[in-house]
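Asks: Got a structure here, written out as structure tokens. Questions coming.
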Amino acid sequence: MDSTLVGQGGVVDDDVSVLGWGFIGAGSISDDVAAQAISEKVVDPVAVYARRHEQAAAFADRHGFRAVYSTIDELLADASVEAVYIALPHSLHVDATIRALRAGKHVLCEKPFALNAAEVRQGIAASNDRVVAEAFMIRHHPQWQWIEQRIEDGSLGAIRHVLWSMSLDFPEPVQPPTLPGQGSILLDVASYGVNIARMAFGSEPSSVSANTVDLPSGVDVRVSAQLQFGDGTAQIMVDARAPRISTVRIMGSNGYIDVLNPVHAGADGIARLSYRFGDSEASDIDFVRAPQYALQLKDFARCVTLGERPAVDLTDALGNAECLDAIRLSASRNGQLVTV
């Protein structure tokens with residue numbers, strides 16, 4: 001089996017402006033994004049807001065943000081803030097996005113952009129001429145861009161099947177959720193599989209059949225869904241209470257790709273995939289040092305600077321939300337087939 005090592009060069013792009021960023025939310029994901037983006041020098045850290053002021057202040061100290069605000073509106077009134085990164089609880093995403101758009105800011109919002117498709121449509125209605133993107137950071141990782149290129153150039157042939165199987169060994173929540181969508185494995189993790197399946201087939205599914213397992217609190221902790229794309233299918237299986245493992249395979253009429261590190265690189269920092277096209281021998285590719293959060297913010301700045309379309313814009317976010325809505329509806333009907 002052949003093996004190829006792919007390195008990642010610098011992230012800074014001289015053709016792209018470094019934007020002044022405001023972070024709305026100061027939790028763990030914001031920590032990861034800020035640390036990587038600032039280290040790679042792709043953001044100007046202007047301001048931060050969090051629901052707890054002391055958390056925002058500590059976040060600013062860690063990452064060098066110059067201003068800490070007590071309200072979202074105060075942050076949005078800062079003229080130095082050109083773009084905002086939103087990482088609040090899921091149910092607060094759309095309200096914060098709309099407020100930012102009305103203030104004239106560009107918006108990168110963590111996935112899921114909204115709890116449902118109706119909320120995404122509210123964001124679309126408010127977007128005007130601002131750049132708005134849903135933060136599926138994996139779409140900016142070199143391995144997924146390589147995969148997308150192999151799909152587009154026909155190396156895989158016609159896509160026949162996508163399997164996204166992931167278990168995470170999450171701890172049982174100590175307290176029931178206090179906000180809609182909080183802790184949902186469908187929104188938190190299965191949404192990745194839905195996004196990748198839609199990317200692979202290059203279309204929206206025609207129908208969905210799904211089942212979920214929910215805690216007494218109503219939070220879903222297991223999702224099994226089958227998506228129909230013409231004569232192809234995608235299976236999305238996610239379990240929050242099983243030993244941590246992931247299996248992602250994209251199968252076409254001319255080969256397959258197995259993705260061994262679909263969301264985050266391994267402990268050695270390497271993202272690894274295997275593939276075979278046509279009559280060639282199976283091969284491996286190792287992608288090293290790919291700061292996908294920094295790449296995501298750099299690509300967003302490119303869209304703002306050069307007027308390009310985000311990889312996951314609101315049209316894409318709407319398609320994902322409509323599919324997630326259909327999964328939820330099918331599960332509520334004991335797996336009944338639902339048209340998307």
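By order of appearance in the structure tokens: chains A, B, ..., then residues from 1 within every chain, and ligands from 1 in the order shown.
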DSSP on the backbone: which residues in segment 96-192 of chain A end up as strand (DSSP E)? Give the answer as number ranges by chain.
Replies: A: 106-110, 132-135, 159-167
Asks: Print the selection's residues with all heavy atoms to a file, as a short mmCIF file (atom, residue, chain, number, x, y, z; two decimals), in the first residue's frame.
Replies:
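So the final result, stored in result_33.cif, reads:
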```
data_model
loop_
_atom_site.label_atom_id
_atom_site.label_comp_id
_atom_site.auth_asym_id
_atom_site.auth_seq_id
_atom_site.Cartn_x
_atom_site.Cartn_y
_atom_site.Cartn_z
N HIS A 106 -20.16 41.30 9.27
CA HIS A 106 -20.13 39.98 8.65
C HIS A 106 -20.19 38.94 9.78
O HIS A 106 -19.72 39.20 10.89
CB HIS A 106 -18.85 39.79 7.83
CG HIS A 106 -18.68 40.84 6.76
ND1 HIS A 106 -19.39 40.83 5.59
CD2 HIS A 106 -17.87 41.94 6.71
CE1 HIS A 106 -19.03 41.86 4.84
NE2 HIS A 106 -18.11 42.56 5.50
N VAL A 107 -20.74 37.75 9.49
CA VAL A 107 -21.00 36.79 10.55
C VAL A 107 -20.52 35.39 10.19
O VAL A 107 -20.89 34.84 9.14
CB VAL A 107 -22.51 36.70 10.88
CG1 VAL A 107 -22.77 35.65 11.96
CG2 VAL A 107 -23.04 38.07 11.33
N LEU A 108 -19.69 34.83 11.06
CA LEU A 108 -19.35 33.42 11.03
C LEU A 108 -19.98 32.81 12.28
O LEU A 108 -19.58 33.12 13.40
CB LEU A 108 -17.83 33.21 11.06
CG LEU A 108 -17.34 31.77 11.16
CD1 LEU A 108 -17.76 30.96 9.94
CD2 LEU A 108 -15.82 31.72 11.34
N CYS A 109 -21.00 31.95 12.09
CA CYS A 109 -21.75 31.39 13.21
C CYS A 109 -21.46 29.91 13.35
O CYS A 109 -21.51 29.16 12.36
CB CYS A 109 -23.26 31.62 13.00
SG CYS A 109 -24.28 31.00 14.35
N GLU A 110 -21.19 29.49 14.57
CA GLU A 110 -20.93 28.07 14.81
C GLU A 110 -22.09 27.22 14.34
O GLU A 110 -23.25 27.63 14.35
CB GLU A 110 -20.67 27.81 16.31
CG GLU A 110 -19.22 27.64 16.69
CD GLU A 110 -18.48 26.62 15.84
OE1 GLU A 110 -19.06 25.60 15.44
OE2 GLU A 110 -17.29 26.86 15.56
N VAL A 132 -22.14 35.78 5.35
CA VAL A 132 -22.61 34.97 6.47
C VAL A 132 -22.26 33.51 6.17
O VAL A 132 -22.53 33.02 5.07
CB VAL A 132 -24.13 35.09 6.70
CG1 VAL A 132 -24.52 34.42 8.02
CG2 VAL A 132 -24.57 36.54 6.67
N ALA A 133 -21.67 32.81 7.13
CA ALA A 133 -21.27 31.43 6.92
C ALA A 133 -21.53 30.61 8.18
O ALA A 133 -21.48 31.14 9.30
CB ALA A 133 -19.80 31.33 6.53
N GLU A 134 -21.80 29.33 7.96
CA GLU A 134 -21.95 28.38 9.07
C GLU A 134 -20.59 27.70 9.28
O GLU A 134 -19.95 27.26 8.32
CB GLU A 134 -23.01 27.33 8.73
CG GLU A 134 -23.33 26.38 9.87
CD GLU A 134 -24.50 25.46 9.56
OE1 GLU A 134 -24.79 25.26 8.35
OE2 GLU A 134 -25.12 24.95 10.49
N ALA A 135 -20.16 27.61 10.53
CA ALA A 135 -18.78 27.22 10.84
C ALA A 135 -18.62 25.70 10.92
O ALA A 135 -18.43 25.14 12.00
CB ALA A 135 -18.33 27.88 12.14
N ILE A 159 -21.13 8.88 -7.12
CA ILE A 159 -21.21 8.57 -5.69
C ILE A 159 -22.42 7.66 -5.45
O ILE A 159 -23.54 7.94 -5.88
CB ILE A 159 -21.34 9.85 -4.85
CG1 ILE A 159 -20.17 10.79 -5.15
CG2 ILE A 159 -21.38 9.52 -3.36
CD1 ILE A 159 -18.80 10.19 -4.90
N ARG A 160 -22.17 6.56 -4.74
CA ARG A 160 -23.20 5.58 -4.48
C ARG A 160 -23.61 5.53 -3.01
O ARG A 160 -24.77 5.29 -2.69
CB ARG A 160 -22.71 4.18 -4.91
CG ARG A 160 -22.40 4.08 -6.40
CD ARG A 160 -23.66 3.94 -7.23
NE ARG A 160 -23.39 3.96 -8.66
CZ ARG A 160 -22.89 2.93 -9.37
NH1 ARG A 160 -22.57 1.79 -8.75
NH2 ARG A 160 -22.69 3.05 -10.66
N HIS A 161 -22.64 5.73 -2.12
CA HIS A 161 -22.95 5.54 -0.70
C HIS A 161 -22.00 6.35 0.17
O HIS A 161 -20.81 6.45 -0.13
CB HIS A 161 -22.83 4.05 -0.34
CG HIS A 161 -23.40 3.72 1.02
ND1 HIS A 161 -24.74 3.74 1.30
CD2 HIS A 161 -22.79 3.37 2.17
CE1 HIS A 161 -24.94 3.41 2.56
NE2 HIS A 161 -23.77 3.18 3.12
N VAL A 162 -22.54 6.93 1.23
CA VAL A 162 -21.74 7.61 2.25
C VAL A 162 -22.13 7.02 3.60
O VAL A 162 -23.31 6.95 3.95
CB VAL A 162 -21.99 9.13 2.26
CG1 VAL A 162 -21.26 9.79 3.43
CG2 VAL A 162 -21.55 9.76 0.94
N LEU A 163 -21.13 6.59 4.35
CA LEU A 163 -21.35 6.06 5.70
C LEU A 163 -20.63 6.95 6.69
O LEU A 163 -19.41 7.13 6.61
CB LEU A 163 -20.82 4.63 5.83
CG LEU A 163 -20.80 4.04 7.24
CD1 LEU A 163 -22.22 3.86 7.77
CD2 LEU A 163 -20.04 2.72 7.28
N TRP A 164 -21.39 7.55 7.61
CA TRP A 164 -20.81 8.38 8.68
C TRP A 164 -21.21 7.74 10.00
O TRP A 164 -22.36 7.82 10.42
CB TRP A 164 -21.32 9.81 8.59
CG TRP A 164 -20.73 10.73 9.63
CD1 TRP A 164 -21.04 10.79 10.95
CD2 TRP A 164 -19.71 11.71 9.42
NE1 TRP A 164 -20.28 11.74 11.59
CE2 TRP A 164 -19.45 12.32 10.67
CE3 TRP A 164 -18.99 12.14 8.31
CZ2 TRP A 164 -18.52 13.33 10.82
CZ3 TRP A 164 -18.05 13.15 8.46
CH2 TRP A 164 -17.83 13.74 9.71
N SER A 165 -20.27 7.07 10.63
CA SER A 165 -20.54 6.37 11.89
C SER A 165 -19.57 6.87 12.94
O SER A 165 -18.35 6.82 12.75
CB SER A 165 -20.35 4.85 11.69
OG SER A 165 -20.60 4.16 12.88
N MET A 166 -20.12 7.38 14.05
CA MET A 166 -19.27 8.00 15.06
C MET A 166 -19.86 7.79 16.45
O MET A 166 -21.06 7.96 16.66
CB MET A 166 -19.13 9.50 14.76
CG MET A 166 -18.15 10.23 15.64
SD MET A 166 -17.87 11.93 15.04
CE MET A 166 -17.03 11.60 13.50
N SER A 167 -19.01 7.39 17.38
CA SER A 167 -19.40 7.32 18.79
C SER A 167 -18.42 8.13 19.60
O SER A 167 -17.24 8.25 19.26
CB SER A 167 -19.45 5.87 19.28
OG SER A 167 -18.22 5.21 19.02
#
```
Asks: Which residues come within 12 Å of Ser127 of chain A, counting only C-alpha atoms, excluding same-chain residues fewer than 5 positions away, as an MDAnalysis selection string?
Replies: chainID A and resid 94 97:108 120:122 132:133 313:315
Asks: Near segment 200-206 of chain A, counting only C-alpha atoms, which residues have an atom at most 10 Å away, once you skip same-chain residues fewer than 3 positions from it, shown as a count of residues only?
Replies: 33
Asks: Report as a PyMOL selection string: the residues of segment 203-296 of chain A with a DSSP assignment of alpha helix (DSSP H), based on the backbone of this structure.
Replies: chain A and resi 292-296
Asks: List the spatial neighbours of Asp44 of chain A as a list in words - criterion: any atom at most 8 Å away, only C-alpha atoms, same-chain residues fewer than 3 positions off excluded.
Replies: Val18, Leu19, Gly20, Trp21, Ile38 and Lys41 of chain A
Asks: Next, write the just-selected residues to a file, as an mmCIF file, in the first residue's frame, keeping N, CA and C atoms as the atom set.
Replies:
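What ended up in selection37.cif:
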```
data_model
loop_
_atom_site.group_PDB
_atom_site.id
_atom_site.type_symbol
_atom_site.label_atom_id
_atom_site.label_comp_id
_atom_site.auth_asym_id
_atom_site.auth_seq_id
_atom_site.Cartn_x
_atom_site.Cartn_y
_atom_site.Cartn_z
ATOM 1 N N VAL A 18 -6.683 41.182 7.058
ATOM 2 C CA VAL A 18 -6.906 40.670 8.414
ATOM 3 C C VAL A 18 -8.029 41.495 9.022
ATOM 4 N N LEU A 19 -9.142 40.863 9.301
ATOM 5 C CA LEU A 19 -10.322 41.564 9.794
ATOM 6 C C LEU A 19 -10.246 41.801 11.294
ATOM 7 N N GLY A 20 -10.924 42.838 11.738
ATOM 8 C CA GLY A 20 -11.121 43.062 13.161
ATOM 9 C C GLY A 20 -12.292 42.212 13.636
ATOM 10 N N TRP A 21 -12.056 41.319 14.577
ATOM 11 C CA TRP A 21 -13.062 40.338 14.986
ATOM 12 C C TRP A 21 -13.607 40.623 16.385
ATOM 13 N N ILE A 38 -5.303 33.374 16.258
ATOM 14 C CA ILE A 38 -4.361 34.424 16.668
ATOM 15 C C ILE A 38 -2.925 33.949 16.483
ATOM 16 N N LYS A 41 -2.029 34.366 13.043
ATOM 17 C CA LYS A 41 -2.059 35.769 12.622
ATOM 18 C C LYS A 41 -3.077 36.035 11.500
#
```
Asks: Can you pull out every residue within 8 Å of Ile327 of chain A, counting only C-alpha atoms, but drop anything in the same chain fewer than 6 positions away, and send it as a ChimeraX atom specification?
Replies: /A:208-211,225,338
Asks: Would you mind reading off the distance between atom CA of His63 of chain A and atom CA of Ser39 of chain A, one decimal, in Å?
Replies: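 Answer for the atom CA of His63 of chain A to atom CA of Ser39 of chain A separation: 9.4 Å.
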Asks: Work out how far apart atom CA of Gln235 of chain A and atom CA of Gln292 of chain A are and give it in Å to one decimal.
Replies: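 One can read the atom CA of Gln235 of chain A to atom CA of Gln292 of chain A distance as 25.3 Å.
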Asks: Counting only C-alpha atoms, which residue out of A:Asp239, A:Ser330, A:Ala34, A:Leu306 sits closest to Ser207 of chain A?
Replies: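 When distances to Ser207 of chain A are compared using only C-alpha atoms, the smallest one comes from A:Ser330.
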Asks: If I take atom CA of Arg139 of chain A and atom CA of Ser253 of chain A, how far is one from the other in Å, to one decimal?
Replies: 23.4 Å
Asks: If we count only C-alpha atoms, what is near segment 265-272 of chain A at a cut-off of 12 Å, once residues fewer than 4 positions away on the same chain are taken out, given as a PDB file with N, CA, C and O atoms, in the first residue's frame?
Replies:
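Produced file out_22.pdb, reproduced below:
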```pdb
ATOM      1  N   SER A   3       1.919   5.195   0.424  1.00  0.00           N
ATOM      2  CA  SER A   3       1.575   6.193   1.428  1.00  0.00           C
ATOM      3  C   SER A   3       2.171   7.534   1.025  1.00  0.00           C
ATOM      4  O   SER A   3       3.301   7.600   0.536  1.00  0.00           O
ATOM      5  N   THR A   4       1.406   8.597   1.219  1.00  0.00           N
ATOM      6  CA  THR A   4       1.847   9.942   0.876  1.00  0.00           C
ATOM      7  C   THR A   4       1.683  10.843   2.089  1.00  0.00           C
ATOM      8  O   THR A   4       0.671  10.769   2.790  1.00  0.00           O
ATOM      9  N   LEU A   5       2.672  11.701   2.335  1.00  0.00           N
ATOM     10  CA  LEU A   5       2.623  12.661   3.429  1.00  0.00           C
ATOM     11  C   LEU A   5       2.407  14.047   2.853  1.00  0.00           C
ATOM     12  O   LEU A   5       3.155  14.494   1.986  1.00  0.00           O
ATOM     13  N   VAL A   6       1.344  14.719   3.306  1.00  0.00           N
ATOM     14  CA  VAL A   6       1.012  16.045   2.810  1.00  0.00           C
ATOM     15  C   VAL A   6       1.195  17.047   3.927  1.00  0.00           C
ATOM     16  O   VAL A   6       0.568  16.933   4.993  1.00  0.00           O
ATOM     17  N   GLY A   7       2.053  18.056   3.720  1.00  0.00           N
ATOM     18  CA  GLY A   7       2.308  19.068   4.735  1.00  0.00           C
ATOM     19  C   GLY A   7       1.420  20.273   4.555  1.00  0.00           C
ATOM     20  O   GLY A   7       0.823  20.484   3.502  1.00  0.00           O
ATOM     21  N   GLN A   8       1.326  21.080   5.597  1.00  0.00           N
ATOM     22  CA  GLN A   8       0.525  22.306   5.559  1.00  0.00           C
ATOM     23  C   GLN A   8       1.449  23.491   5.743  1.00  0.00           C
ATOM     24  O   GLN A   8       2.148  23.589   6.754  1.00  0.00           O
ATOM     25  N   ILE A 138     -14.436  21.582   9.376  1.00  0.00           N
ATOM     26  CA  ILE A 138     -13.814  20.480   8.654  1.00  0.00           C
ATOM     27  C   ILE A 138     -13.788  20.734   7.149  1.00  0.00           C
ATOM     28  O   ILE A 138     -12.911  20.222   6.452  1.00  0.00           O
ATOM     29  N   HIS A 141     -10.439  21.964   6.121  1.00  0.00           N
ATOM     30  CA  HIS A 141      -9.265  21.123   6.342  1.00  0.00           C
ATOM     31  C   HIS A 141      -8.775  20.578   5.000  1.00  0.00           C
ATOM     32  O   HIS A 141      -9.571  20.192   4.157  1.00  0.00           O
ATOM     33  N   PRO A 142      -7.462  20.553   4.768  1.00  0.00           N
ATOM     34  CA  PRO A 142      -6.947  20.061   3.475  1.00  0.00           C
ATOM     35  C   PRO A 142      -7.429  18.667   3.095  1.00  0.00           C
ATOM     36  O   PRO A 142      -7.598  18.386   1.903  1.00  0.00           O
ATOM     37  N   GLN A 143      -7.669  17.776   4.076  1.00  0.00           N
ATOM     38  CA  GLN A 143      -8.108  16.437   3.681  1.00  0.00           C
ATOM     39  C   GLN A 143      -9.505  16.462   3.072  1.00  0.00           C
ATOM     40  O   GLN A 143      -9.781  15.766   2.080  1.00  0.00           O
ATOM     41  N   TRP A 144     -10.407  17.287   3.624  1.00  0.00           N
ATOM     42  CA  TRP A 144     -11.748  17.341   3.061  1.00  0.00           C
ATOM     43  C   TRP A 144     -11.758  18.104   1.744  1.00  0.00           C
ATOM     44  O   TRP A 144     -12.554  17.806   0.839  1.00  0.00           O
ATOM     45  N   TRP A 146      -9.267  17.934  -0.349  1.00  0.00           N
ATOM     46  CA  TRP A 146      -8.747  16.906  -1.265  1.00  0.00           C
ATOM     47  C   TRP A 146      -9.869  15.960  -1.683  1.00  0.00           C
ATOM     48  O   TRP A 146      -9.998  15.615  -2.870  1.00  0.00           O
ATOM     49  N   ILE A 147     -10.678  15.535  -0.714  1.00  0.00           N
ATOM     50  CA  ILE A 147     -11.797  14.638  -1.011  1.00  0.00           C
ATOM     51  C   ILE A 147     -12.789  15.316  -1.958  1.00  0.00           C
ATOM     52  O   ILE A 147     -13.255  14.703  -2.936  1.00  0.00           O
ATOM     53  N   ILE A 245     -15.071   6.147  18.635  1.00  0.00           N
ATOM     54  CA  ILE A 245     -14.568   5.593  17.386  1.00  0.00           C
ATOM     55  C   ILE A 245     -15.259   6.318  16.241  1.00  0.00           C
ATOM     56  O   ILE A 245     -16.349   6.869  16.410  1.00  0.00           O
ATOM     57  N   SER A 246     -14.624   6.343  15.067  1.00  0.00           N
ATOM     58  CA  SER A 246     -15.271   6.950  13.899  1.00  0.00           C
ATOM     59  C   SER A 246     -14.946   6.140  12.655  1.00  0.00           C
ATOM     60  O   SER A 246     -13.832   5.629  12.503  1.00  0.00           O
ATOM     61  N   THR A 247     -15.938   6.006  11.789  1.00  0.00           N
ATOM     62  CA  THR A 247     -15.765   5.328  10.514  1.00  0.00           C
ATOM     63  C   THR A 247     -16.505   6.138   9.458  1.00  0.00           C
ATOM     64  O   THR A 247     -17.725   6.279   9.530  1.00  0.00           O
ATOM     65  N   VAL A 248     -15.781   6.686   8.518  1.00  0.00           N
ATOM     66  CA  VAL A 248     -16.403   7.438   7.439  1.00  0.00           C
ATOM     67  C   VAL A 248     -15.905   6.869   6.120  1.00  0.00           C
ATOM     68  O   VAL A 248     -14.695   6.806   5.881  1.00  0.00           O
ATOM     69  N   ILE A 257     -13.126   6.137  -0.526  1.00  0.00           N
ATOM     70  CA  ILE A 257     -12.229   6.866   0.367  1.00  0.00           C
ATOM     71  C   ILE A 257     -12.660   6.568   1.792  1.00  0.00           C
ATOM     72  O   ILE A 257     -13.834   6.714   2.126  1.00  0.00           O
ATOM     73  N   ASP A 258     -11.731   6.128   2.620  1.00  0.00           N
ATOM     74  CA  ASP A 258     -11.966   5.937   4.047  1.00  0.00           C
ATOM     75  C   ASP A 258     -11.288   7.063   4.818  1.00  0.00           C
ATOM     76  O   ASP A 258     -10.074   7.263   4.677  1.00  0.00           O
ATOM     77  N   VAL A 259     -12.054   7.779   5.612  1.00  0.00           N
ATOM     78  CA  VAL A 259     -11.542   8.929   6.353  1.00  0.00           C
ATOM     79  C   VAL A 259     -11.389   8.506   7.814  1.00  0.00           C
ATOM     80  O   VAL A 259     -12.371   8.251   8.507  1.00  0.00           O
ATOM     81  N   LEU A 260     -10.163   8.449   8.288  1.00  0.00           N
ATOM     82  CA  LEU A 260      -9.894   7.918   9.624  1.00  0.00           C
ATOM     83  C   LEU A 260      -9.954   8.978  10.712  1.00  0.00           C
ATOM     84  O   LEU A 260     -10.118   8.654  11.884  1.00  0.00           O
ATOM     85  N   ASN A 261      -9.791  10.229  10.341  1.00  0.00           N
ATOM     86  CA  ASN A 261      -9.866  11.346  11.298  1.00  0.00           C
ATOM     87  C   ASN A 261     -10.785  12.414  10.714  1.00  0.00           C
ATOM     88  O   ASN A 261     -10.335  13.479  10.290  1.00  0.00           O
ATOM     89  N   SER A 283      -4.059   3.232  -1.365  1.00  0.00           N
ATOM     90  CA  SER A 283      -3.032   4.178  -0.935  1.00  0.00           C
ATOM     91  C   SER A 283      -3.494   4.922   0.310  1.00  0.00           C
ATOM     92  O   SER A 283      -4.694   5.047   0.569  1.00  0.00           O
ATOM     93  N   ASP A 284      -2.545   5.430   1.075  1.00  0.00           N
ATOM     94  CA  ASP A 284      -2.811   6.252   2.253  1.00  0.00           C
ATOM     95  C   ASP A 284      -2.290   7.664   2.018  1.00  0.00           C
ATOM     96  O   ASP A 284      -1.303   7.866   1.310  1.00  0.00           O
ATOM     97  N   ILE A 285      -2.962   8.640   2.632  1.00  0.00           N
ATOM     98  CA  ILE A 285      -2.440  10.003   2.682  1.00  0.00           C
ATOM     99  C   ILE A 285      -2.496  10.476   4.127  1.00  0.00           C
ATOM    100  O   ILE A 285      -3.532  10.326   4.795  1.00  0.00           O
ATOM    101  N   ASP A 286      -1.411  11.042   4.614  1.00  0.00           N
ATOM    102  CA  ASP A 286      -1.350  11.658   5.932  1.00  0.00           C
ATOM    103  C   ASP A 286      -1.262  13.168   5.747  1.00  0.00           C
ATOM    104  O   ASP A 286      -0.347  13.664   5.088  1.00  0.00           O
ATOM    105  N   PHE A 287      -2.212  13.899   6.331  1.00  0.00           N
ATOM    106  CA  PHE A 287      -2.210  15.357   6.283  1.00  0.00           C
ATOM    107  C   PHE A 287      -1.700  15.874   7.625  1.00  0.00           C
ATOM    108  O   PHE A 287      -2.293  15.609   8.667  1.00  0.00           O
ATOM    109  N   VAL A 288      -0.595  16.607   7.602  1.00  0.00           N
ATOM    110  CA  VAL A 288       0.012  17.069   8.844  1.00  0.00           C
ATOM    111  C   VAL A 288      -0.199  18.569   9.017  1.00  0.00           C
ATOM    112  O   VAL A 288      -0.346  19.320   8.056  1.00  0.00           O
ATOM    113  N   ARG A 289      -0.230  18.989  10.267  1.00  0.00           N
ATOM    114  CA  ARG A 289      -0.345  20.396  10.661  1.00  0.00           C
ATOM    115  C   ARG A 289      -1.341  21.166   9.800  1.00  0.00           C
ATOM    116  O   ARG A 289      -0.970  21.903   8.893  1.00  0.00           O
ATOM    117  N   ALA A 290      -2.601  20.960  10.099  1.00  0.00           N
ATOM    118  CA  ALA A 290      -3.657  21.683   9.387  1.00  0.00           C
ATOM    119  C   ALA A 290      -4.526  22.403  10.410  1.00  0.00           C
ATOM    120  O   ALA A 290      -5.458  21.819  10.956  1.00  0.00           O
ATOM    121  N   PRO A 291      -4.224  23.658  10.720  1.00  0.00           N
ATOM    122  CA  PRO A 291      -4.990  24.407  11.719  1.00  0.00           C
ATOM    123  C   PRO A 291      -6.345  24.836  11.150  1.00  0.00           C
ATOM    124  O   PRO A 291      -6.526  25.955  10.682  1.00  0.00           O
ATOM    125  N   GLN A 292      -7.309  23.902  11.209  1.00  0.00           N
ATOM    126  CA  GLN A 292      -8.549  24.105  10.460  1.00  0.00           C
ATOM    127  C   GLN A 292      -9.377  25.294  10.955  1.00  0.00           C
ATOM    128  O   GLN A 292     -10.099  25.918  10.168  1.00  0.00           O
TER     129      GLN A 292
END
```
Asks: Restricting the calculation to only C-alpha atoms: of A:Asp188, A:Asp153, A:Asp299, A:Glu172, which residue gets closest to Leu115 of chain A?
Replies: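 Once distances to Leu115 of chain A are computed over only C-alpha atoms, the minimum belongs to A:Asp188.
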Asks: Write out as an NGL selection string the residues lying within 10 Å of Ala26 of chain A, counting only C-alpha atoms and excluding same-chain residues fewer than 4 positions away.
Replies: :A and (30-32 or 34 or 48-53 or 55-60 or 86-88)
